[in-house]
$ cat target_19.cif   # mmCIF, C-alpha atoms, pLDDT in the B column; chains and numbers go by the auth columns
data_coords
#
loop_
_atom_site.group_PDB
_atom_site.id
_atom_site.type_symbol
_atom_site.label_atom_id
_atom_site.label_comp_id
_atom_site.label_asym_id
_atom_site.label_seq_id
_atom_site.Cartn_x
_atom_site.Cartn_y
_atom_site.Cartn_z
_atom_site.B_iso_or_equiv
_atom_site.auth_seq_id
_atom_site.auth_asym_id
ATOM 1 C CA MET A 1 4.177 -15.486 -10.503 58.00 2 A
ATOM 2 C CA THR A 2 4.851 -11.771 -10.457 82.00 3 A
ATOM 3 C CA VAL A 3 1.897 -9.512 -9.792 87.00 4 A
ATOM 4 C CA PRO A 4 1.644 -6.587 -12.237 93.00 5 A
ATOM 5 C CA LEU A 5 2.281 -3.367 -10.326 95.00 6 A
ATOM 6 C CA GLN A 6 1.108 0.106 -11.251 97.00 7 A
ATOM 7 C CA LEU A 7 2.862 2.602 -8.982 97.00 8 A
ATOM 8 C CA THR A 8 1.965 6.302 -8.987 96.00 9 A
ATOM 9 C CA PHE A 9 3.499 9.160 -7.006 95.00 10 A
ATOM 10 C CA HIS A 10 1.517 12.394 -6.459 92.00 11 A
ATOM 11 C CA ASN A 11 3.274 15.391 -4.909 88.00 12 A
ATOM 12 C CA VAL A 12 6.099 13.039 -3.926 89.00 13 A
ATOM 13 C CA GLN A 13 9.446 12.528 -5.580 89.00 14 A
ATOM 14 C CA SER A 14 9.793 8.882 -6.589 90.00 15 A
ATOM 15 C CA SER A 15 12.875 7.055 -5.410 93.00 16 A
ATOM 16 C CA VAL A 16 14.453 3.707 -6.088 96.00 17 A
ATOM 17 C CA SER A 17 14.495 2.788 -2.391 96.00 18 A
ATOM 18 C CA VAL A 18 10.759 3.512 -1.985 96.00 19 A
ATOM 19 C CA GLU A 19 9.962 1.462 -5.101 96.00 20 A
ATOM 20 C CA GLU A 20 12.115 -1.409 -3.812 97.00 21 A
ATOM 21 C CA LYS A 21 10.337 -1.322 -0.434 97.00 22 A
ATOM 22 C CA ILE A 22 6.950 -1.445 -2.182 97.00 23 A
ATOM 23 C CA ARG A 23 8.011 -4.363 -4.404 96.00 24 A
ATOM 24 C CA GLU A 24 9.399 -6.203 -1.375 96.00 25 A
ATOM 25 C CA ASN A 25 6.106 -5.772 0.501 96.00 26 A
ATOM 26 C CA LEU A 26 4.081 -6.786 -2.555 96.00 27 A
ATOM 27 C CA HIS A 27 6.198 -9.925 -2.907 94.00 28 A
ATOM 28 C CA LYS A 28 5.389 -10.805 0.723 94.00 29 A
ATOM 29 C CA LEU A 29 1.669 -10.350 0.010 93.00 30 A
ATOM 30 C CA GLU A 30 2.009 -12.540 -3.066 92.00 31 A
ATOM 31 C CA ARG A 31 3.618 -15.309 -0.999 89.00 32 A
ATOM 32 C CA PHE A 32 0.780 -14.995 1.500 85.00 33 A
ATOM 33 C CA CYS A 33 -1.947 -15.100 -1.189 87.00 34 A
ATOM 34 C CA ASN A 34 -1.068 -16.231 -4.715 87.00 35 A
ATOM 35 C CA ARG A 35 -4.463 -15.180 -6.109 89.00 36 A
ATOM 36 C CA ILE A 36 -3.607 -11.485 -6.566 93.00 37 A
ATOM 37 C CA ILE A 37 -4.206 -10.551 -10.211 94.00 38 A
ATOM 38 C CA ASN A 38 -3.163 -6.903 -10.191 96.00 39 A
ATOM 39 C CA CYS A 39 -1.884 -4.256 -7.779 97.00 40 A
ATOM 40 C CA ARG A 40 -2.211 -0.488 -8.014 98.00 41 A
ATOM 41 C CA ILE A 41 -0.494 1.733 -5.455 98.00 42 A
ATOM 42 C CA ILE A 42 -0.720 5.496 -5.113 96.00 43 A
ATOM 43 C CA ILE A 43 1.620 7.413 -2.804 95.00 44 A
ATOM 44 C CA ASP A 44 0.471 10.965 -2.143 92.00 45 A
ATOM 45 C CA ALA A 45 1.524 13.856 0.078 85.00 46 A
ATOM 46 C CA PRO A 46 -1.710 15.846 -0.247 72.00 47 A
ATOM 47 C CA HIS A 47 -0.685 18.934 1.686 65.00 48 A
ATOM 48 C CA ARG A 48 1.989 20.232 3.952 60.00 49 A
ATOM 49 C CA ASN A 49 0.951 20.649 7.562 54.00 50 A
ATOM 50 C CA GLN A 50 2.779 23.377 9.516 52.00 51 A
ATOM 51 C CA HIS A 51 2.993 21.305 12.669 49.00 52 A
ATOM 52 C CA LYS A 52 3.437 17.811 11.279 55.00 53 A
ATOM 53 C CA GLY A 53 5.219 18.373 7.948 65.00 54 A
ATOM 54 C CA ASN A 54 4.455 16.090 5.020 74.00 55 A
ATOM 55 C CA LEU A 55 2.077 13.285 5.892 84.00 56 A
ATOM 56 C CA TYR A 56 1.901 10.501 3.330 89.00 57 A
ATOM 57 C CA HIS A 57 -1.288 8.924 2.060 91.00 58 A
ATOM 58 C CA VAL A 58 -0.927 5.375 0.714 94.00 59 A
ATOM 59 C CA ARG A 59 -3.657 3.669 -1.276 96.00 60 A
ATOM 60 C CA ILE A 60 -3.382 0.013 -2.298 97.00 61 A
ATOM 61 C CA ASP A 61 -5.862 -1.577 -4.717 98.00 62 A
ATOM 62 C CA LEU A 62 -5.538 -5.343 -5.062 96.00 63 A
ATOM 63 C CA THR A 63 -7.553 -7.138 -7.729 96.00 64 A
ATOM 64 C CA LEU A 64 -8.523 -10.699 -6.839 93.00 65 A
ATOM 65 C CA PRO A 65 -10.593 -13.317 -8.724 90.00 66 A
ATOM 66 C CA ASN A 66 -13.725 -12.606 -6.678 87.00 67 A
ATOM 67 C CA GLY A 67 -13.353 -8.937 -5.835 89.00 68 A
ATOM 68 C CA LYS A 68 -11.029 -6.175 -4.742 94.00 69 A
ATOM 69 C CA ILE A 69 -9.234 -5.165 -1.603 94.00 70 A
ATOM 70 C CA ILE A 70 -8.777 -1.435 -1.183 95.00 71 A
ATOM 71 C CA VAL A 71 -6.605 0.032 1.546 95.00 72 A
ATOM 72 C CA ASN A 72 -6.612 3.766 2.249 91.00 73 A
ATOM 73 C CA HIS A 73 -4.173 5.042 4.843 75.00 74 A
ATOM 74 C CA ASN A 74 -4.877 8.724 5.337 73.00 75 A
ATOM 75 C CA PRO A 75 -2.339 11.075 6.912 60.00 76 A
ATOM 76 C CA SER A 76 -4.903 12.385 9.376 61.00 77 A
ATOM 77 C CA ASP A 77 -5.090 8.881 10.840 51.00 78 A
ATOM 78 C CA GLU A 78 -1.448 8.634 11.899 53.00 79 A
ATOM 79 C CA THR A 79 1.088 11.314 12.758 62.00 80 A
ATOM 80 C CA SER A 80 3.774 8.658 12.221 66.00 81 A
ATOM 81 C CA HIS A 81 3.005 8.861 8.508 69.00 82 A
ATOM 82 C CA ALA A 82 5.463 11.729 8.231 81.00 83 A
ATOM 83 C CA ASP A 83 7.868 8.883 7.375 87.00 84 A
ATOM 84 C CA ILE A 84 7.001 7.420 3.969 91.00 85 A
ATOM 85 C CA TYR A 85 8.365 3.993 4.919 93.00 86 A
ATOM 86 C CA ILE A 86 6.122 3.773 7.989 91.00 87 A
ATOM 87 C CA ALA A 87 3.112 4.816 5.903 91.00 88 A
ATOM 88 C CA ILE A 88 3.934 2.071 3.370 94.00 89 A
ATOM 89 C CA ARG A 89 4.483 -0.510 6.110 94.00 90 A
ATOM 90 C CA ASP A 90 1.163 0.302 7.785 93.00 91 A
ATOM 91 C CA ALA A 91 -0.757 0.180 4.502 94.00 92 A
ATOM 92 C CA PHE A 92 0.722 -3.205 3.573 96.00 93 A
ATOM 93 C CA GLU A 93 0.007 -4.564 7.053 95.00 94 A
ATOM 94 C CA THR A 94 -3.646 -3.580 6.621 94.00 95 A
ATOM 95 C CA ALA A 95 -3.663 -5.186 3.167 96.00 96 A
ATOM 96 C CA ARG A 96 -2.221 -8.397 4.641 95.00 97 A
ATOM 97 C CA ARG A 97 -4.963 -8.541 7.279 94.00 98 A
ATOM 98 C CA GLN A 98 -7.639 -7.972 4.649 94.00 99 A
ATOM 99 C CA LEU A 99 -6.086 -10.679 2.441 93.00 100 A
ATOM 100 C CA GLN A 100 -6.117 -13.018 5.419 91.00 101 A
ATOM 101 C CA ASP A 101 -9.855 -12.377 5.832 90.00 102 A
ATOM 102 C CA TYR A 102 -10.371 -12.858 2.088 87.00 103 A
ATOM 103 C CA THR A 103 -8.559 -16.203 1.988 83.00 104 A
ATOM 104 C CA SER A 104 -10.400 -17.535 5.038 84.00 105 A
ATOM 105 C CA LEU A 105 -13.751 -16.631 3.421 80.00 106 A
ATOM 106 C CA GLN A 106 -12.759 -18.347 0.160 75.00 107 A
ATOM 107 C CA GLN A 107 -12.007 -21.675 1.874 69.00 108 A
#
$ encode --input "target_19.cif" --output "structure tokens"
Amino acid sequence: MTVPLQLTFHNVQSSVSVEEKIRENLHKLERFCNRIINCRIIIDAPHRNQHKGNLYHVRIDLTLPNGKIIVNHNPSDETSHADIYIAIRDAFETARRQLQDYTSLQQ
């Protein structure tokens, strides 16, 4: 089953490689928990910091049968989020942990 994905870029140029990385990570989440109904992801570079450059904000909203999982990775949290791929990786890792908690509560 393929989870419907709504992907939005704000203040960031979309790229095929970023979209592929997101789909790859979503597929891993889907293998981990096959109860995901919908996924909405927003990639944002809210402002340019003189000292740190662009810091990426990644938000993941997963719709599940009994609720939602929302992950917000803010650029102020991690200076490593100057790399969009690291920001995406960290957000999906948080989503995986929250899905793990969700599935253990559902059993």
$ residues_around --input "target_19.cif" --residues "stretch 17-32 of chain A" --least-positions-apart "2" --cutoff "8 Å" --atoms "all atoms listed in the file" --output "MDAnalysis selection string"
chainID A and resid 3:4 15 34:37 86 89:90 93 97
$ atom_distance --input "target_19.cif" --atom1 "atom CA of A:Ser16" --atom2 "atom CA of A:Pro47"
17.8 Å
$ resolve_selection --input "target_19.cif" --expression "the PyMOL selection byres ((chain A and resi 96) around 9)" --output "VMD selection string"
chain A and resid 30 61 to 63 70 to 72 91 to 95 97 to 101
$ atom_distance --input "target_19.cif" --atom1 "atom CA of A:Asp45" --atom2 "atom CA of A:Thr64"
20.6 Å
$ residues_around --input "target_19.cif" --residues "stretch 8-10 of chain A" --least-positions-apart "4" --cutoff "8 Å" --atoms "all atoms listed in the file" --output "VMD selection string"
chain A and resid 14 to 15 41 to 45
$ resolve_selection --input "target_19.cif" --expression "the PyMOL selection byres ((chain A and resi 57) around 7)" --output "VMD selection string"
chain A and resid 44 to 46 55 to 56 58 to 59 76 82 to 83 85 88
$ closest_residue --input "target_19.cif" --among "A:Ile87, A:Asn12, A:Phe33, A:Asn75" --to "A:Asp102" --atoms "all atoms listed in the file"
A:Phe33
$ resolve_selection --input "target_19.cif" --expression "the PyMOL selection byres ((chain A and resi 5) around 8)" --output "list in words"
Thr3, Val4, Leu6, Gln7, Ile38, Asn39 and Cys40 of chain A
$ axis_aligned_box --input "target_19.cif" --around "stretch 3-6 of chain A" --padding-each-side "4 Å" --output "AutoDock Vina command-line options"
--center_x 3.2 --center_y -7.6 --center_z -11.0 --size_x 11.2 --size_y 16.4 --size_z 10.4
